[in-house]
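A quick write-up on the structure given underneath.
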Amino acid sequence: MKTLYTYHNGRLEEQRGEIVREHPLVLTVNGRELATLVASPHELRYLVAGFLRLQGFVENLDDFLVLSVCDDFGVANVRIKQELPERLRPVLTSGCGTGITFDLPSPEGRGETPPRPAPVTPDAVFRLMEELAKKAEGYRSHGGIHSAAVGEPDGTLLLFAEDLGRHNTLDRIAGEALFWGIDLAGKLLVTSGRVSTEMAAKAARLGMALIASRTSATDQAVRLCEEAGIGLVGYVRGGKFTVYAHPQQLAVGAGRIRCVTGVILAGGESRRMGSDKSLLPLDGGRFIDHVYRCIAGLFDEVLIVTNSPDLYAGLPCRKVPDLYPLKGSLAGIHSGLSHARSDRIFVVACDMPFLSAEVIRRLCAEGEAADVVIPRSERGAEPLHALYHTRCLPAVEELLDAGEKKIVRFFPRVRVCEVPPTAFADCDPDGRSFRNINTPQEYFALRDGDREERPAATKPAPPGRQHG
């Protein structure tokens with residue numbers, strides 16, 4: 001910690017804070033000083049191994065005869081089986097602090113073209129970006145740190161790295177993958193920084209299927225990804241992103257539910273929370289951004305039932321008002337049924353951040369002759385995570401006209417199909433998709449990490465061979 005000063009309201013205020021550490025590491029390979037790597041001072045063996053791997057000097061751990069890193073003196077001494085080329089042509093790249101590479105590989109130089117991977121769902125891209133945001137503690141504590149992660153096509157995170165240079169983050173990942181025996185071919189790379197040529201070239205050398213960034217990509221990175229067959233997306237935020245290369249790598253529209261409208265209820269009074277639940281921040285977005293992204297990925301038409309449409313101006317869907325004001329969630333269901341272009345609507349509340357696309361698909365496939373398809377959880381029936389047919393409208397209106405707000409009161413007048421928890425035992429065994437957040441205590445517990453995380457990918461045992 002260091003004493004810092006913040007300028008505010010015409011005065012300097014003293015405070016204690018962290019400063020990003022910059023650690024130069026002189027790299028000597030086979031007795032020859034190769035480069036000075038400027039990086040963050042942690043896990044430098046991964047950085048060295050990944051740097052040499054992505055320069056094409058090593059392919060696996062057996063190619064190292066010696067790998068010795070001395071943090072105190074800032075030196076790394078390496079001996080490898082391969083002889084270094086007599087003349088090396090360094091290229092200064094556009095990475096933070098100026099990255100260095102000895103060759104920007106063309107797609108033709110990568111050897112045999114890997115088989116085309118299966119398309120990746122947008123949900124997997126957003127999921128990995130959220131995981132990256134959760135793990136990027138360095139930036140939250142003092143700023144100035146880039147982060148990157150690699151994951152499976154289903155959105156499961158495998159490896160994470162952070163460093164003051166965005167090019168270093170990928171070197172670190174490549175090196176750690178060597179130590180743990182993880183094949184990065186066909187994997188997804190997500191990064192907090194701009195995707196420039198060296199990032200795309202390194203991803204191409206590793207055989208990655210797709211790169212996603214919180215920010216932009218350079219024109220040369222786009223060209224390289226186009227040639228290498230790598231999907232490239234940028235500006236991944238708020239449920240949207242820009243596709244720069246190979247849109248076919250994204251499974252957009254796959255598994256969509258036809259003839260059903262997705263309806264998000266955002267008109268609640270939030271009395272127990274004390275503020276609008278839909279706007280609560282979580283993992284780089286608002287509750288409603290997470291809900292909208294899931295629903296928009298499943299249904300061609302999405303409606304938000306709200307009497308404050310300006311709050312959701314950034315979400316590209318219709319906003320419709322209650323036709324029975326101040327009548328609660330039953331009025332929201334009525335508005336959805338009245339405004340939808342489909343005969344059936346799938347209704348969810350705006351405070352359900354753990355929606356499962358698979359659970360929703362299964363519910364929409366159940367009981368096509370029923371007027372209501374409703375799941376049961378440990379808490380009982382879940383009317384705000386259910387399917388409704390327009391045939392329910394007369395019964396709903398009769399209840400609303402009588403001043404009744406309880407949703408299940410109209411069920412005796414329609415055909416109801418209840419779906420037991422066993423129907424989702426394999427994809428949502430704990431019923432998390434039905435969980436909503438009602439109180440400040442529940443929200444703070446969720447925000448501060450008191451939740452069940454997605455199972456982390458298990459790493460294989462580290463190699464027995466030690467490098468001194």
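We label chains A, B, ... in the order they appear in the structure tokens, count residues from 1 in each chain, and number ligands from 1 in the order shown.
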10 Å contact set for Leu189 (chain A), only C-alpha atoms, chain neighbours under 4 positions out, as a list in words: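 After dropping sequence-adjacent residues, the list is Val125, Leu128, Met129, Ala148, Ala149, Val150, Gly151, Glu152, Pro153, Leu157, Leu159, Phe160, Leu170, Ile173, Leu184, Met199, Ala203, Met208, Ala209, Leu210, Ile211, Ala212, Ser213 and Leu232 of chain A.
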Who sits within 10 Å of region 217-223 of chain A, only C-alpha atoms, same chain under 3 positions skipped, as a ChimeraX atom specification: /A:193-201,211-214,226-228,230-235,242-246
Please dump the current selection as a short mmCIF file (atom, residue, chain, number, x, y, z; two decimals), in the first residue's frame; keep C-alpha atoms.
data_model
loop_
_atom_site.label_atom_id
_atom_site.label_comp_id
_atom_site.auth_asym_id
_atom_site.auth_seq_id
_atom_site.Cartn_x
_atom_site.Cartn_y
_atom_site.Cartn_z
CA GLY A 193 -8.22 -5.54 -23.83
CA ARG A 194 -8.18 -4.65 -27.50
CA VAL A 195 -7.56 -7.54 -29.89
CA SER A 196 -4.57 -6.58 -32.03
CA THR A 197 -2.39 -8.54 -34.42
CA GLU A 198 -0.18 -10.30 -31.89
CA MET A 199 -3.19 -11.48 -29.86
CA ALA A 200 -4.86 -12.90 -32.97
CA ALA A 201 -1.59 -14.49 -34.15
CA ILE A 211 -11.78 -14.57 -29.52
CA ALA A 212 -14.07 -12.21 -27.61
CA SER A 213 -13.16 -8.83 -26.15
CA ARG A 214 -14.80 -6.24 -23.94
CA GLU A 226 -10.58 -14.21 -41.24
CA GLU A 227 -7.64 -16.07 -42.79
CA ALA A 228 -7.18 -18.38 -39.80
CA ILE A 230 -11.19 -17.77 -36.00
CA GLY A 231 -14.44 -16.17 -34.88
CA LEU A 232 -13.82 -12.65 -33.57
CA VAL A 233 -16.27 -10.56 -31.54
CA GLY A 234 -15.85 -7.29 -29.65
CA TYR A 235 -17.72 -4.90 -27.38
CA THR A 242 -20.07 -6.90 -32.58
CA VAL A 243 -18.95 -9.73 -34.88
CA TYR A 244 -15.79 -8.91 -36.87
CA ALA A 245 -14.94 -12.28 -38.42
CA HIS A 246 -16.58 -15.64 -39.11
#
Filtered DSSP result for region 287-374 of chain A, state helix (DSSP H, G or I), as an MDAnalysis selection string: chainID A and resid 287:296 309:312 328:339 357:364
Go ahead and save the picked residues with N, CA and C atoms, as a tab-separated table (two decimals), in the first residue's frame.
chain	number	residue	atom	x	y	z
A	287	PHE	N	-29.66	-6.73	-13.30
A	287	PHE	CA	-30.45	-7.96	-13.26
A	287	PHE	C	-31.18	-8.17	-14.58
A	288	ILE	N	-31.84	-7.12	-15.05
A	288	ILE	CA	-32.68	-7.28	-16.23
A	288	ILE	C	-31.85	-7.56	-17.48
A	289	ASP	N	-30.59	-7.11	-17.51
A	289	ASP	CA	-29.72	-7.43	-18.66
A	289	ASP	C	-29.47	-8.93	-18.74
A	290	HIS	N	-29.23	-9.56	-17.58
A	290	HIS	CA	-29.00	-11.01	-17.55
A	290	HIS	C	-30.26	-11.77	-17.95
A	291	VAL	N	-31.40	-11.31	-17.43
A	291	VAL	CA	-32.67	-11.98	-17.76
A	291	VAL	C	-32.97	-11.80	-19.25
A	292	TYR	N	-32.83	-10.58	-19.74
A	292	TYR	CA	-33.13	-10.31	-21.16
A	292	TYR	C	-32.25	-11.15	-22.08
A	293	ARG	N	-30.96	-11.24	-21.76
A	293	ARG	CA	-30.06	-11.98	-22.62
A	293	ARG	C	-30.49	-13.44	-22.77
A	294	CYS	N	-30.89	-14.06	-21.67
A	294	CYS	CA	-31.34	-15.44	-21.73
A	294	CYS	C	-32.62	-15.56	-22.55
A	295	ILE	N	-33.58	-14.69	-22.27
A	295	ILE	CA	-34.88	-14.77	-22.95
A	295	ILE	C	-34.74	-14.44	-24.44
A	296	ALA	N	-33.95	-13.43	-24.77
A	296	ALA	CA	-33.77	-13.05	-26.18
A	296	ALA	C	-33.04	-14.13	-26.95
A	309	PRO	N	-40.90	2.63	-19.31
A	309	PRO	CA	-40.11	2.08	-20.43
A	309	PRO	C	-38.76	2.75	-20.61
A	310	ASP	N	-38.60	4.01	-20.18
A	310	ASP	CA	-37.32	4.70	-20.38
A	310	ASP	C	-36.18	4.02	-19.62
A	311	LEU	N	-36.50	3.30	-18.55
A	311	LEU	CA	-35.45	2.62	-17.78
A	311	LEU	C	-34.77	1.53	-18.59
A	312	TYR	N	-35.45	1.03	-19.62
A	312	TYR	CA	-34.94	-0.12	-20.38
A	312	TYR	C	-34.76	0.25	-21.85
A	328	GLY	N	-50.34	-5.89	-9.61
A	328	GLY	CA	-49.34	-6.90	-9.35
A	328	GLY	C	-48.97	-7.76	-10.55
A	329	SER	N	-48.37	-8.92	-10.25
A	329	SER	CA	-47.86	-9.80	-11.30
A	329	SER	C	-48.96	-10.38	-12.17
A	330	LEU	N	-50.15	-10.57	-11.62
A	330	LEU	CA	-51.26	-11.08	-12.44
A	330	LEU	C	-51.57	-10.11	-13.57
A	331	ALA	N	-51.53	-8.81	-13.27
A	331	ALA	CA	-51.74	-7.81	-14.32
A	331	ALA	C	-50.61	-7.84	-15.34
A	332	GLY	N	-49.39	-8.17	-14.90
A	332	GLY	CA	-48.28	-8.29	-15.84
A	332	GLY	C	-48.48	-9.44	-16.81
A	333	ILE	N	-48.95	-10.57	-16.29
A	333	ILE	CA	-49.26	-11.72	-17.16
A	333	ILE	C	-50.36	-11.35	-18.14
A	334	HIS	N	-51.37	-10.64	-17.65
A	334	HIS	CA	-52.47	-10.21	-18.53
A	334	HIS	C	-51.95	-9.32	-19.65
A	335	SER	N	-51.07	-8.37	-19.31
A	335	SER	CA	-50.52	-7.47	-20.33
A	335	SER	C	-49.71	-8.25	-21.36
A	336	GLY	N	-48.91	-9.21	-20.90
A	336	GLY	CA	-48.13	-10.02	-21.83
A	336	GLY	C	-49.02	-10.80	-22.78
A	337	LEU	N	-50.06	-11.42	-22.24
A	337	LEU	CA	-50.99	-12.18	-23.09
A	337	LEU	C	-51.71	-11.26	-24.08
A	338	SER	N	-52.02	-10.05	-23.66
A	338	SER	CA	-52.76	-9.12	-24.51
A	338	SER	C	-51.91	-8.53	-25.62
A	339	HIS	N	-50.63	-8.33	-25.38
A	339	HIS	CA	-49.76	-7.66	-26.36
A	339	HIS	C	-48.94	-8.61	-27.22
A	357	ALA	N	-31.59	-21.85	-19.77
A	357	ALA	CA	-32.20	-21.99	-21.09
A	357	ALA	C	-32.77	-23.40	-21.27
A	358	GLU	N	-32.07	-24.41	-20.75
A	358	GLU	CA	-32.54	-25.78	-20.92
A	358	GLU	C	-33.83	-26.03	-20.15
A	359	VAL	N	-33.95	-25.48	-18.95
A	359	VAL	CA	-35.19	-25.62	-18.18
A	359	VAL	C	-36.34	-24.98	-18.94
A	360	ILE	N	-36.12	-23.80	-19.49
A	360	ILE	CA	-37.18	-23.10	-20.23
A	360	ILE	C	-37.58	-23.90	-21.46
A	361	ARG	N	-36.60	-24.45	-22.18
A	361	ARG	CA	-36.93	-25.26	-23.36
A	361	ARG	C	-37.81	-26.45	-22.97
A	362	ARG	N	-37.49	-27.11	-21.89
A	362	ARG	CA	-38.26	-28.29	-21.49
A	362	ARG	C	-39.67	-27.91	-21.08
A	363	LEU	N	-39.82	-26.78	-20.41
A	363	LEU	CA	-41.17	-26.36	-20.03
A	363	LEU	C	-42.01	-26.03	-21.27
A	364	CYS	N	-41.39	-25.38	-22.25
A	364	CYS	CA	-42.13	-25.01	-23.46
A	364	CYS	C	-42.47	-26.21	-24.31
Region 248-424 of chain A: residues DSSP assigns to strand (DSSP E), reported as a PyMOL selection string: chain A and resi 257-265+281-282+285-286+299-305+318-320+344-349+372-377+380-381+385-389+416-419
Within 8 Å of Asp343 (chain A) using only C-alpha atoms, minus same-chain residues under 4 positions, as a PyMOL selection string: chain A and resi 259-260+337+389-390
Please produce an output containing N, CA and C atoms for each residue in the selection, written as an mmCIF file, in the first residue's frame.
data_model
loop_
_atom_site.group_PDB
_atom_site.id
_atom_site.type_symbol
_atom_site.label_atom_id
_atom_site.label_comp_id
_atom_site.auth_asym_id
_atom_site.auth_seq_id
_atom_site.Cartn_x
_atom_site.Cartn_y
_atom_site.Cartn_z
ATOM 1 N N CYS A 259 -43.108 -19.862 -31.909
ATOM 2 C CA CYS A 259 -44.530 -19.658 -31.589
ATOM 3 C C CYS A 259 -44.776 -19.401 -30.104
ATOM 4 N N VAL A 260 -43.766 -18.886 -29.412
ATOM 5 C CA VAL A 260 -43.906 -18.480 -28.013
ATOM 6 C C VAL A 260 -43.221 -17.128 -27.867
ATOM 7 N N LEU A 337 -50.062 -11.418 -22.244
ATOM 8 C CA LEU A 337 -50.990 -12.177 -23.095
ATOM 9 C C LEU A 337 -51.707 -11.258 -24.081
ATOM 10 N N HIS A 389 -51.218 -19.625 -22.048
ATOM 11 C CA HIS A 389 -51.885 -19.514 -23.348
ATOM 12 C C HIS A 389 -52.905 -18.382 -23.285
ATOM 13 N N THR A 390 -53.168 -17.780 -24.441
ATOM 14 C CA THR A 390 -54.148 -16.684 -24.479
ATOM 15 C C THR A 390 -55.546 -17.150 -24.073
#
Atomic distance CA of Tyr46 (chain A) - CA of Arg205 (chain A), expressed in Å with one decimal: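 Distance between the two atoms: 17.0 Å.
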Among listed residues A:Ser377, A:Ser278, A:Gln55, A:Gln441, nearest Gly175 (chain A) (using only C-alpha atoms):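 Smallest distance to Gly175 (chain A) is found for A:Gln55.
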Close residues, Ala370 (chain A) itself excluded, 12 Å, only C-alpha atoms, min 6 positions apart in chain, as a PyMOL selection string: chain A and resi 344+363-364+386-392+411+413-419
Residue selection dump (C-alpha atoms) as a CSV table (one decimal), in the first residue's frame:
chain,number,residue,atom,x,y,z
A,344,ARG,CA,-48.4,-18.6,-25.8
A,363,LEU,CA,-41.2,-26.4,-20.0
A,364,CYS,CA,-42.1,-25.0,-23.5
A,386,ALA,CA,-44.3,-20.5,-16.4
A,387,LEU,CA,-46.0,-20.8,-19.8
A,388,TYR,CA,-49.5,-19.3,-20.4
A,389,HIS,CA,-51.9,-19.5,-23.3
A,390,THR,CA,-54.1,-16.7,-24.5
A,391,ARG,CA,-57.1,-19.0,-23.6
A,392,CYS,CA,-56.4,-17.8,-20.0
A,411,PHE,CA,-56.0,-22.1,-12.3
A,413,ARG,CA,-60.9,-22.5,-14.5
A,414,VAL,CA,-58.2,-23.6,-17.1
A,415,ARG,CA,-56.2,-26.7,-17.9
A,416,VAL,CA,-53.0,-26.8,-15.9
A,417,CYS,CA,-49.9,-29.0,-16.5
A,418,GLU,CA,-47.6,-29.2,-13.5
A,419,VAL,CA,-44.0,-30.2,-14.1
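Among the candidates A:Ala124, A:Glu43, A:Ala136, A:Thr28, the one nearest to Leu84 (chain A) when counting only C-alpha atoms is A:Thr28.
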